[in-house]
Amino acid sequence: MTRWGLTVPLTGVPLAESREIVAGLPALGYTDVWSAETNGTDAFTPLALASQWAPELRLGPAIVPVYTRGPALLASQAATLADLAPGRFVLGIGTSSDTIVERWNGIPFDEPYKRVRDTLRFLRKALAGEKVKEEYDTFTVKGFKLEKAPATPPKIVLAALREGMLRLAAREADGAITNWLAPKDVPTVRGVLGDEPELIARLFVCPTADAEEARAIGRWMIAAYMTVPVYRAFHEWLGRGEALAPMNEAWAAGDRKKALELIPDEVVDDLIVHGSPADCRARIREYVDNGLTTPVLAIVPGGGLAAADAVRELAPAADSA
């Protein structure tokens with residue numbers, strides 16, 4: 001089954017005013033809603049609301065950092081969502097980045113691979129209703145047991161940008177989540193993850209026929225992400241290291257304006273889905289054709305479209321309208 005997800009809340013739409021949009025998603029062909037957690041809403045609250053607004057949708061956070069909540073609290077929050085949406089909740093976890101973990105939250109960004117692995121193993125036991133008393137490499141849990149384990153333990157998927165985490169996702173999780181990739185990059189990721197696990201990706205979609213508008217927006221977004229070490233390494237692995245090196249050098253020197261100018265058009269066109277809504281839908285299907293299981297649209301305002309109109313025009317149902 002090909003899924004088609006949407007990132008909530010939408011840019012510019014307050015969460016409290018999102019009910020009508022979310023409730024209308026199933027009729028448009030959307031199957032999923034996925035939240036995020038950076039410096040806006042937390043990962044769980046939008047999903048709790050969506051679980052009641054649209055009971056047909058699958059829900060997931062992409063992703064919850066494994067550092068910023070203790071293991072027991074993370075298990076409790078996941079169990080709550082699994083109870084609100086039985087069989088429809090997928091827990092996405094990952095390292096996040098040193099910016100969010102260390103600079104914003106004051107938590108050491110130590111041994112990220114082991115921390116994700118240990119959290120995944122703990123959650124498997126806790127969400128199955130087991131009492132956990134175990135010393136992991138990165139933390140120790142002394143006798144935690146959920147008061148009410150979910151009747152249907154949620155699937156767990158891992159944020160995975162390179163080989164180590166992709167292999168862990170293939171070996172011990174139920175799938176992988178990635179973002180900031182082009183359709184041609186999907187086979188590279190699949191080559192490590194394998195063909196069977198679910199592969200989820202957040203795609204940044206700017207529905208405007210004005211390419212220069214989309215590229216101007218995209219350059220700011222790319223600079224904000226690709227200068228972060230984990231994303232810089234990801235794109236070096238994907239083969240964009242040379243193309244992005246001038247941007248990274250200018251950024252490191254403090255020249256933000258020059259850094260933006262040095263991002264090649266072809267990199268923006270690779271990583272930002274833009275064009276008319278029909279062009280954007282066709283581009284998203286390229287990802288699916290190349291092996292992506294679940295595209296999750298993150299709609300970037302552009303082309304003068306109101307958020308609700310963009311949701312409707314980018315929906316899979318629009319292909320048959």
# chains A, B, ... in the order shown; residues from 1 in each chain; ligands from 1

$ residues_around --residues "Arg202 of chain A" --least-positions-apart "3" --cutoff "12 Å" --atoms "only C-alpha atoms" --output "PyMOL selection string"
chain A and resi 4-8+32-36+60-63+159+176-182+199+205+271-273+284+287+292-300

$ select_by_dssp --residues "segment 25-214 of chain A" --states "strand (DSSP E)" --output "PyMOL selection string"
chain A and resi 32-35+58-61+64-65+90-94+132-135+140-144+155-159+175-179+198-206

$ write_last_selection --atoms "C-alpha atoms" --output "JSON list (two decimals), in the first residue's frame"
[["chain", "number", "residue", "atom", "x", "y", "z"],
["A", 32, "ASP", "CA", -1.09, 9.63, 7.59],
["A", 33, "VAL", "CA", -0.32, 12.69, 9.66],
["A", 34, "TRP", "CA", 3.16, 13.13, 11.08],
["A", 35, "SER", "CA", 4.33, 15.73, 13.57],
["A", 58, "ARG", "CA", -2.27, 6.71, 10.94],
["A", 59, "LEU", "CA", -0.26, 8.96, 13.26],
["A", 60, "GLY", "CA", 3.43, 9.33, 13.99],
["A", 61, "PRO", "CA", 6.06, 11.75, 15.26],
["A", 64, "VAL", "CA", 10.98, 12.39, 19.02],
["A", 65, "PRO", "CA", 14.57, 12.93, 20.22],
["A", 90, "VAL", "CA", 3.81, 4.60, 14.93],
["A", 91, "LEU", "CA", 6.56, 5.90, 17.20],
["A", 92, "GLY", "CA", 9.38, 7.66, 15.39],
["A", 93, "ILE", "CA", 12.53, 8.18, 17.46],
["A", 94, "GLY", "CA", 16.01, 9.40, 16.65],
["A", 132, "VAL", "CA", 12.27, -3.29, 32.87],
["A", 133, "LYS", "CA", 15.27, -3.52, 35.14],
["A", 134, "GLU", "CA", 18.37, -3.25, 33.02],
["A", 135, "GLU", "CA", 21.70, -1.50, 32.64],
["A", 140, "THR", "CA", 20.00, 2.41, 33.51],
["A", 141, "VAL", "CA", 16.35, 1.64, 34.23],
["A", 142, "LYS", "CA", 15.50, 0.24, 37.66],
["A", 143, "GLY", "CA", 12.13, -1.50, 37.71],
["A", 144, "PHE", "CA", 9.92, 0.58, 35.38],
["A", 155, "LYS", "CA", 5.58, 0.00, 15.68],
["A", 156, "ILE", "CA", 8.86, 1.87, 16.17],
["A", 157, "VAL", "CA", 10.74, 3.51, 13.31],
["A", 158, "LEU", "CA", 14.13, 5.16, 13.48],
["A", 159, "ALA", "CA", 15.45, 8.41, 12.06],
["A", 175, "GLY", "CA", 11.32, 0.94, 9.43],
["A", 176, "ALA", "CA", 13.32, 4.12, 8.90],
["A", 177, "ILE", "CA", 12.59, 7.82, 8.59],
["A", 178, "THR", "CA", 14.72, 10.19, 6.57],
["A", 179, "ASN", "CA", 14.40, 13.61, 4.97],
["A", 198, "GLU", "CA", 8.98, 0.78, 5.57],
["A", 199, "LEU", "CA", 10.85, 3.89, 4.43],
["A", 200, "ILE", "CA", 9.31, 7.21, 5.41],
["A", 201, "ALA", "CA", 10.59, 10.60, 4.25],
["A", 202, "ARG", "CA", 9.51, 14.14, 4.92],
["A", 203, "LEU", "CA", 9.45, 16.01, 1.60],
["A", 204, "PHE", "CA", 9.51, 19.80, 1.53],
["A", 205, "VAL", "CA", 6.93, 20.87, -1.04],
["A", 206, "CYS", "CA", 6.56, 24.45, -2.32]]

$ atom_distance --atom1 "atom CA of Arg103 of chain A" --atom2 "atom CA of Ala43 of chain A"
19.2 Å

$ closest_atom_pairs --of "segment 146-263 of chain A" --to "segment 66-88 of chain A" --cutoff "9 Å" --atoms "only C-alpha atoms" --output "CSV"
residue,atom,partner,partner_atom,distance
A:Leu146,CA,A:Ser76,CA,6.9
A:Glu147,CA,A:Ser76,CA,8.8
A:Lys148,CA,A:Ala79,CA,7.8
A:Ala149,CA,A:Ala79,CA,6.4
A:Pro150,CA,A:Ala79,CA,5.6
A:Ala151,CA,A:Pro86,CA,7.4
A:Thr152,CA,A:Gly87,CA,5.8
A:Pro153,CA,A:Ala82,CA,6.9
A:Pro154,CA,A:Ala82,CA,6.2
A:Lys155,CA,A:Gly87,CA,8.7

$ write_last_selection --atoms "C-alpha atoms" --output "PDB file, in the first residue's frame"
ATOM      1  CA  LEU A 146       3.782   0.919  32.502  1.00  0.00           C
ATOM      2  CA  GLU A 147       0.607   1.187  34.566  1.00  0.00           C
ATOM      3  CA  LYS A 148      -1.345   0.317  31.420  1.00  0.00           C
ATOM      4  CA  ALA A 149       0.528  -1.078  28.469  1.00  0.00           C
ATOM      5  CA  PRO A 150      -1.146  -0.512  25.087  1.00  0.00           C
ATOM      6  CA  ALA A 151      -3.275  -3.367  23.820  1.00  0.00           C
ATOM      7  CA  THR A 152      -1.504  -2.945  20.481  1.00  0.00           C
ATOM      8  CA  PRO A 153       2.156  -1.965  21.017  1.00  0.00           C
ATOM      9  CA  PRO A 154       3.112   0.644  18.426  1.00  0.00           C
ATOM     10  CA  LYS A 155       5.578   0.004  15.680  1.00  0.00           C
TER      11      LYS A 155
END

$ closest_residue --among "A:Ala214, A:Arg190, A:Pro246, A:Ala282" --to "Ala315 of chain A" --atoms "only C-alpha atoms"
A:Ala282

$ residues_around --residues "Thr188 of chain A" --least-positions-apart "3" --cutoff "12 Å" --atoms "only C-alpha atoms" --output "CSV table (one decimal) with N, CA and C atoms, in the first residue's frame"
chain,number,residue,atom,x,y,z
A,161,LEU,N,20.0,8.5,8.8
A,161,LEU,CA,20.6,9.3,7.7
A,161,LEU,C,21.8,8.6,7.1
A,162,ARG,N,22.4,7.6,7.7
A,162,ARG,CA,23.5,6.9,7.1
A,162,ARG,C,23.6,5.5,7.5
A,163,GLU,N,24.6,4.8,7.1
A,163,GLU,CA,24.6,3.3,7.1
A,163,GLU,C,24.4,2.7,8.5
A,166,LEU,N,20.7,3.1,9.5
A,166,LEU,CA,19.9,2.4,8.6
A,166,LEU,C,20.0,0.9,8.9
A,181,LEU,N,16.1,14.5,0.9
A,181,LEU,CA,16.7,13.7,-0.2
A,181,LEU,C,15.9,13.9,-1.5
A,182,ALA,N,16.6,13.5,-2.6
A,182,ALA,CA,16.0,13.6,-3.9
A,182,ALA,C,15.5,12.2,-4.3
A,183,PRO,N,14.6,12.1,-5.3
A,183,PRO,CA,14.2,10.8,-5.7
A,183,PRO,C,15.3,9.9,-6.1
A,184,LYS,N,16.4,10.4,-6.7
A,184,LYS,CA,17.5,9.6,-7.1
A,184,LYS,C,18.3,9.1,-5.9
A,185,ASP,N,18.1,9.7,-4.7
A,185,ASP,CA,18.8,9.2,-3.5
A,185,ASP,C,18.1,8.0,-2.8
A,191,GLY,N,19.5,0.7,-0.5
A,191,GLY,CA,20.6,-0.2,-0.7
A,191,GLY,C,21.2,-0.7,0.7
A,192,VAL,N,21.0,0.1,1.7
A,192,VAL,CA,21.5,-0.2,3.0
A,192,VAL,C,20.3,-0.8,3.9
A,193,LEU,N,19.2,-0.1,3.8
A,193,LEU,CA,18.0,-0.5,4.6
A,193,LEU,C,17.4,-1.8,4.1
A,194,GLY,N,17.5,-2.1,2.8
A,194,GLY,CA,16.8,-3.3,2.3
A,194,GLY,C,15.5,-2.9,1.7
A,195,ASP,N,14.9,-3.9,1.0
A,195,ASP,CA,13.7,-3.6,0.3
A,195,ASP,C,12.4,-3.7,1.1
A,234,PHE,N,25.4,13.5,6.0
A,234,PHE,CA,24.4,12.8,5.2
A,234,PHE,C,24.6,13.1,3.8
A,235,HIS,N,24.7,14.4,3.4
A,235,HIS,CA,24.8,14.7,2.0
A,235,HIS,C,26.2,14.5,1.4
A,237,TRP,N,27.7,11.7,2.2
A,237,TRP,CA,27.4,10.3,1.9
A,237,TRP,C,26.6,10.1,0.6
A,238,LEU,N,25.7,11.0,0.4
A,238,LEU,CA,24.8,10.9,-0.8
A,238,LEU,C,25.5,11.5,-2.0
A,239,GLY,N,26.7,12.1,-1.9
A,239,GLY,CA,27.4,12.6,-3.0
A,239,GLY,C,27.3,14.1,-3.3
A,290,ASN,N,10.8,5.1,-6.9
A,290,ASN,CA,12.2,4.8,-6.6
A,290,ASN,C,12.3,4.0,-5.3
A,291,GLY,N,11.2,3.7,-4.6
A,291,GLY,CA,11.3,2.9,-3.4
A,291,GLY,C,10.9,3.5,-2.1
A,292,LEU,N,10.4,4.7,-2.1
A,292,LEU,CA,9.9,5.3,-0.9
A,292,LEU,C,8.5,4.8,-0.6

$ atom_distance --atom1 "atom CA of Pro207 of chain A" --atom2 "atom CA of Tyr231 of chain A"
24.4 Å

$ atom_distance --atom1 "atom CA of Ile107 of chain A" --atom2 "atom CA of Lys125 of chain A"
25.1 Å

$ closest_residue --among "A:Glu37, A:Glu130, A:Asp137, A:Glu56" --to "Ser97 of chain A" --atoms "only C-alpha atoms"
A:Glu37

$ closest_residue --among "A:Leu305, A:Arg215, A:Asp279, A:Met221" --to "Pro264 of chain A" --atoms "only C-alpha atoms"
A:Arg215

$ closest_residue --among "A:Ala308, A:Ile222, A:Ala233, A:Ala48" --to "Val267 of chain A" --atoms "only C-alpha atoms"
A:Ile222

$ closest_residue --among "A:Thr2, A:Thr208, A:Thr45, A:Thr31" --to "Pro277 of chain A" --atoms "only C-alpha atoms"
A:Thr208

$ closest_residue --among "A:Glu212, A:Leu260, A:Pro197, A:Arg115" --to "Met226 of chain A" --atoms "only C-alpha atoms"
A:Leu260
